[in-house]
Amino acid sequence: MFRKRYFHILWFFGWTILGIIGWELILPRIGLRNYSKKTRPARMVRIAREFRTLAVQMGGVMIKVGQFLSSRLDILPREITNELANLQDEVAPEPFEPIRTLIESEFGIPLQEKFAYFEETPMASASIGQAYYAKLCTKDEENEPCPIVVVKVQRPQIEELVKTDLAALKIVGKWIEKYPPIKKRVNVPRLMDEFSQSLYEEMDYLNEGKNAEKFAENFKEHIEVRVPQVVWSHTTKRVLTLEDVGGIKITDYAAIEAAGIDRDEVARRLLDTYLKQIFEDGFFHADPHPGNLFVQVPAGNDGWRLTFVDFGMTGTLPERTYTGLRELLIAVGTQDSHRLIQAYEDLGILLPGADTAELERAGHRIFERFWGKSMRQMTEMHAEEAHEFVEEFGNLLYDMPFQIPENLILLGRCVSILSGICTGLNPNFNVWENISPYANSLIEAEGDSKWKVILDEVLNMLQKLLTLPAKTDSVLTEMAAGKLEVNVAALPVMMERVERSGRKTAAAVIFAAFLLAGVQLYLAGQIGLAVGLGAGAVITLLWILFGR
């Protein structure tokens, strides 16, 4: 079974890659560039849909791959990421008997001795595991009602399945790494390592339990947020038992309204919760899809609570990233395009040689165009407005001077999902109005530390001024000696492209001459000469396609 699965994955990706090479590399080189470009969006959607079909059929790692790739806006076309964004981690449930066997092997005793009752039909079924309702009683609670718990159990043989899929994907990664547009943008082996690590962490239910407790500790002073407690006596690496918190699914708008809860207030609280996770805690729930978020209305008049479940996928932000994101939030909240560029640099997302002046100008125009708009208004931007922006900043968009660090990928996916949930709760949700107060509070929190920042900047400027005379003298000395050199990094590359284009244009003329002469000779009955010229045409064509 695993061998067949391995070759099925290789066949799918191999055939897809060959198709991309044909459409994106070969056709443009034989004069069909416009046709390739015109048909590209529909082609990308078709590829994404075919992958979705494969993922749903095979389950396991393939669904996780699709969800992971849906966040890679830096390396994949929008048509593919949009299609994969709707890929849900829902697959056919596993029969109960293998599940029973796994649970009993984990605890070493029969299931009925570990749980007072265990529902055999899963409440949810995902690619890595399944969740069940159960009743839990301890010897000290024999005279009390048994609490209902939720038990997550890994699918049998999931470790072997994951190992098989990752082995196949590693081969696919080596193929993809040779494709220039991808190689330029991303370190494929590192990306594979990151994906593998996050997947194995998600499969470790002991790690998930620790994540849940860490999240609960961060929100212990916030009664409006709830996290299920972990029942450690009934938890192992492959079985996780949690308090049943229940609640209304965050996308069940009718039930939320029926409970007398303002949907806009839910969206605001959700955003505020994530602002705290990202900008105060540096630790965030990275999978906020609707199945993991609930609105709970407790008994009494304590008000409703926002409930988080499933902490298998979390993100941690290192100090530099935390500082950069903090600066980014302040820049957006205060519409400061210069500070926005500084935040990019702190985050380490700018490629060497990026045109920061042009980026700052683009940021200023974006603030002018979108500030104060609701999510719905921003998505309804007219085509001519988008065209004007592309016309003005076409070179900047084409060069894409960004490289996305791996620790921001989870955050990017998280924010994308979060945006969709908030807009669903309130189509007119205004993210700017909700970010501004938080950004202002961060500015106020700077307090006396702001003077330290200013002092550091002054000292830095003084240091540069002190070294300026010596540097000026050195430059003037080199000019006088005729040794001054100016290095324009892009010039050699541009010249090489011009020369290469000239060589291939000449080769194309030779190819056409060989081909036409061969056809004429063949029609005239000169088969030998025609074959010779035909062979010359083929050799020339191969050089045009693959030569430098």
# chains A, B, ... in the order shown; residues from 1 in each chain; ligands from 1

call {"tool": "residues_around", "arguments": {"residues": "Ala331 in chain A", "least_positions_apart": "4", "cutoff": "10 Å", "atoms": "only C-alpha atoms", "output": "PyMOL selection string"}}
result
chain A and resi 325-327+335-343+436+439

call {"tool": "write_last_selection", "arguments": {"atoms": "C-alpha atoms", "output": "mmCIF file, in the first residue's frame"}}
result
data_model
loop_
_atom_site.group_PDB
_atom_site.id
_atom_site.type_symbol
_atom_site.label_atom_id
_atom_site.label_comp_id
_atom_site.auth_asym_id
_atom_site.auth_seq_id
_atom_site.Cartn_x
_atom_site.Cartn_y
_atom_site.Cartn_z
ATOM 1 C CA LEU A 325 5.994 43.276 13.898
ATOM 2 C CA ARG A 326 5.531 45.794 16.685
ATOM 3 C CA GLU A 327 7.070 48.485 14.476
ATOM 4 C CA GLN A 335 0.082 55.709 8.504
ATOM 5 C CA ASP A 336 3.864 56.163 8.636
ATOM 6 C CA SER A 337 5.286 54.762 5.377
ATOM 7 C CA HIS A 338 8.902 55.518 6.420
ATOM 8 C CA ARG A 339 8.479 53.553 9.639
ATOM 9 C CA LEU A 340 6.891 50.792 7.556
ATOM 10 C CA ILE A 341 10.154 50.340 5.618
ATOM 11 C CA GLN A 342 12.102 50.270 8.888
ATOM 12 C CA ALA A 343 9.786 47.505 10.063
ATOM 13 C CA SER A 436 -5.275 52.213 15.560
ATOM 14 C CA ALA A 439 -0.989 50.913 17.893
#

call {"tool": "select_by_dssp", "arguments": {"residues": "range 67-284 of chain A", "states": "strand (DSSP E)", "output": "list in words"}}
result
Tyr117, Phe118, Ala124, Ser125, Gly129, Gln130, Ala131, Tyr132, Tyr133, Ala134, Lys135, Ile148, Val149, Val150, Val151, Lys152, Val153, Gln154, Val225, Arg226, Val239, Leu240, Thr241, Leu242, Glu243, Ile248, Lys249, Phe283 and Phe284 of chain A

call {"tool": "residues_around", "arguments": {"residues": "Glu280 in chain A", "least_positions_apart": "3", "cutoff": "12 Å", "atoms": "only C-alpha atoms", "output": "VMD selection string"}}
result
chain A and resid 218 to 219 272 to 277 283 to 284 316 to 317 319 322 to 323 325 to 326 438 441 to 442 445

call {"tool": "atom_distance", "arguments": {"atom1": "CA of Cys422 in chain A", "atom2": "CA of Ala267 in chain A"}}
result
4.9 Å

call {"tool": "atom_distance", "arguments": {"atom1": "CA of Ala131 in chain A", "atom2": "CA of Gly66 in chain A"}}
result
21.9 Å

call {"tool": "residues_around", "arguments": {"residues": "range 102-113 of chain A", "least_positions_apart": "3", "cutoff": "12 Å", "atoms": "only C-alpha atoms", "output": "ChimeraX atom specification"}}
result
/A:94-99,116-120,129,132,134-139,151-158,233-241

call {"tool": "residues_around", "arguments": {"residues": "Ile171 in chain A", "least_positions_apart": "3", "cutoff": "12 Å", "atoms": "only C-alpha atoms", "output": "PyMOL selection string"}}
result
chain A and resi 6-7+9-11+13-14+164-168+174-178+188-189+192

call {"tool": "residues_around", "arguments": {"residues": "Asp252 in chain A", "least_positions_apart": "4", "cutoff": "12 Å", "atoms": "only C-alpha atoms", "output": "ChimeraX atom specification"}}
result
/A:247-248,256-259,261,263,266,290-291,293-295,421,424-425

call {"tool": "closest_residue", "arguments": {"among": "A:Ile128, A:Leu418, A:Leu27, A:Leu359", "to": "Leu199 in chain A", "atoms": "only C-alpha atoms"}}
result
A:Ile128

call {"tool": "residues_around", "arguments": {"residues": "Val45 in chain A", "least_positions_apart": "4", "cutoff": "12 Å", "atoms": "only C-alpha atoms", "output": "ChimeraX atom specification"}}
result
/A:39-41,49-52,76-84

call {"tool": "select_by_dssp", "arguments": {"residues": "range 261-346 of chain A", "states": "helix (DSSP H, G or I)", "output": "PyMOL selection string"}}
result
chain A and resi 263-281+290-292+319-333+337-346

call {"tool": "write_last_selection", "arguments": {"atoms": "C-alpha atoms", "output": "PDB file, in the first residue's frame"}}
result
ATOM      1  CA  ARG A 263     -21.412  39.615  15.671  1.00  0.00           C
ATOM      2  CA  ASP A 264     -19.290  42.771  15.308  1.00  0.00           C
ATOM      3  CA  GLU A 265     -18.302  42.448  18.967  1.00  0.00           C
ATOM      4  CA  VAL A 266     -17.195  38.856  18.304  1.00  0.00           C
ATOM      5  CA  ALA A 267     -15.025  40.023  15.389  1.00  0.00           C
ATOM      6  CA  ARG A 268     -13.487  42.788  17.525  1.00  0.00           C
ATOM      7  CA  ARG A 269     -12.705  40.441  20.406  1.00  0.00           C
ATOM      8  CA  LEU A 270     -11.173  37.897  18.047  1.00  0.00           C
ATOM      9  CA  LEU A 271      -8.888  40.533  16.524  1.00  0.00           C
ATOM     10  CA  ASP A 272      -7.950  41.953  19.936  1.00  0.00           C
ATOM     11  CA  THR A 273      -7.111  38.447  21.140  1.00  0.00           C
ATOM     12  CA  TYR A 274      -4.726  37.916  18.247  1.00  0.00           C
ATOM     13  CA  LEU A 275      -3.142  41.336  18.661  1.00  0.00           C
ATOM     14  CA  LYS A 276      -2.296  40.314  22.222  1.00  0.00           C
ATOM     15  CA  GLN A 277      -0.970  36.900  21.122  1.00  0.00           C
ATOM     16  CA  ILE A 278       1.284  38.395  18.456  1.00  0.00           C
ATOM     17  CA  PHE A 279       2.424  41.701  19.932  1.00  0.00           C
ATOM     18  CA  GLU A 280       2.516  40.894  23.652  1.00  0.00           C
ATOM     19  CA  ASP A 281       2.963  37.147  24.078  1.00  0.00           C
ATOM     20  CA  PRO A 290     -13.896  27.969  12.098  1.00  0.00           C
ATOM     21  CA  GLY A 291     -13.711  24.441  13.538  1.00  0.00           C
ATOM     22  CA  ASN A 292     -11.266  25.616  16.206  1.00  0.00           C
ATOM     23  CA  GLU A 319      12.782  38.795  19.578  1.00  0.00           C
ATOM     24  CA  ARG A 320      13.786  40.426  16.282  1.00  0.00           C
ATOM     25  CA  THR A 321      10.565  39.331  14.577  1.00  0.00           C
ATOM     26  CA  TYR A 322       8.534  40.514  17.562  1.00  0.00           C
ATOM     27  CA  THR A 323      10.216  43.941  17.403  1.00  0.00           C
ATOM     28  CA  GLY A 324       9.676  44.186  13.649  1.00  0.00           C
ATOM     29  CA  LEU A 325       5.994  43.276  13.898  1.00  0.00           C
ATOM     30  CA  ARG A 326       5.531  45.794  16.685  1.00  0.00           C
ATOM     31  CA  GLU A 327       7.070  48.485  14.476  1.00  0.00           C
ATOM     32  CA  LEU A 328       4.891  47.313  11.576  1.00  0.00           C
ATOM     33  CA  LEU A 329       1.724  47.672  13.636  1.00  0.00           C
ATOM     34  CA  ILE A 330       2.685  51.158  14.799  1.00  0.00           C
ATOM     35  CA  ALA A 331       3.556  52.157  11.201  1.00  0.00           C
ATOM     36  CA  VAL A 332       0.168  50.960   9.923  1.00  0.00           C
ATOM     37  CA  GLY A 333      -1.718  52.444  12.853  1.00  0.00           C
ATOM     38  CA  SER A 337       5.286  54.762   5.377  1.00  0.00           C
ATOM     39  CA  HIS A 338       8.902  55.518   6.420  1.00  0.00           C
ATOM     40  CA  ARG A 339       8.479  53.553   9.639  1.00  0.00           C
ATOM     41  CA  LEU A 340       6.891  50.792   7.556  1.00  0.00           C
ATOM     42  CA  ILE A 341      10.154  50.340   5.618  1.00  0.00           C
ATOM     43  CA  GLN A 342      12.102  50.270   8.888  1.00  0.00           C
ATOM     44  CA  ALA A 343       9.786  47.505  10.063  1.00  0.00           C
ATOM     45  CA  TYR A 344      10.464  45.534   6.862  1.00  0.00           C
ATOM     46  CA  GLU A 345      14.186  45.791   7.555  1.00  0.00           C
ATOM     47  CA  ASP A 346      13.754  44.708  11.188  1.00  0.00           C
TER      48      ASP A 346
END
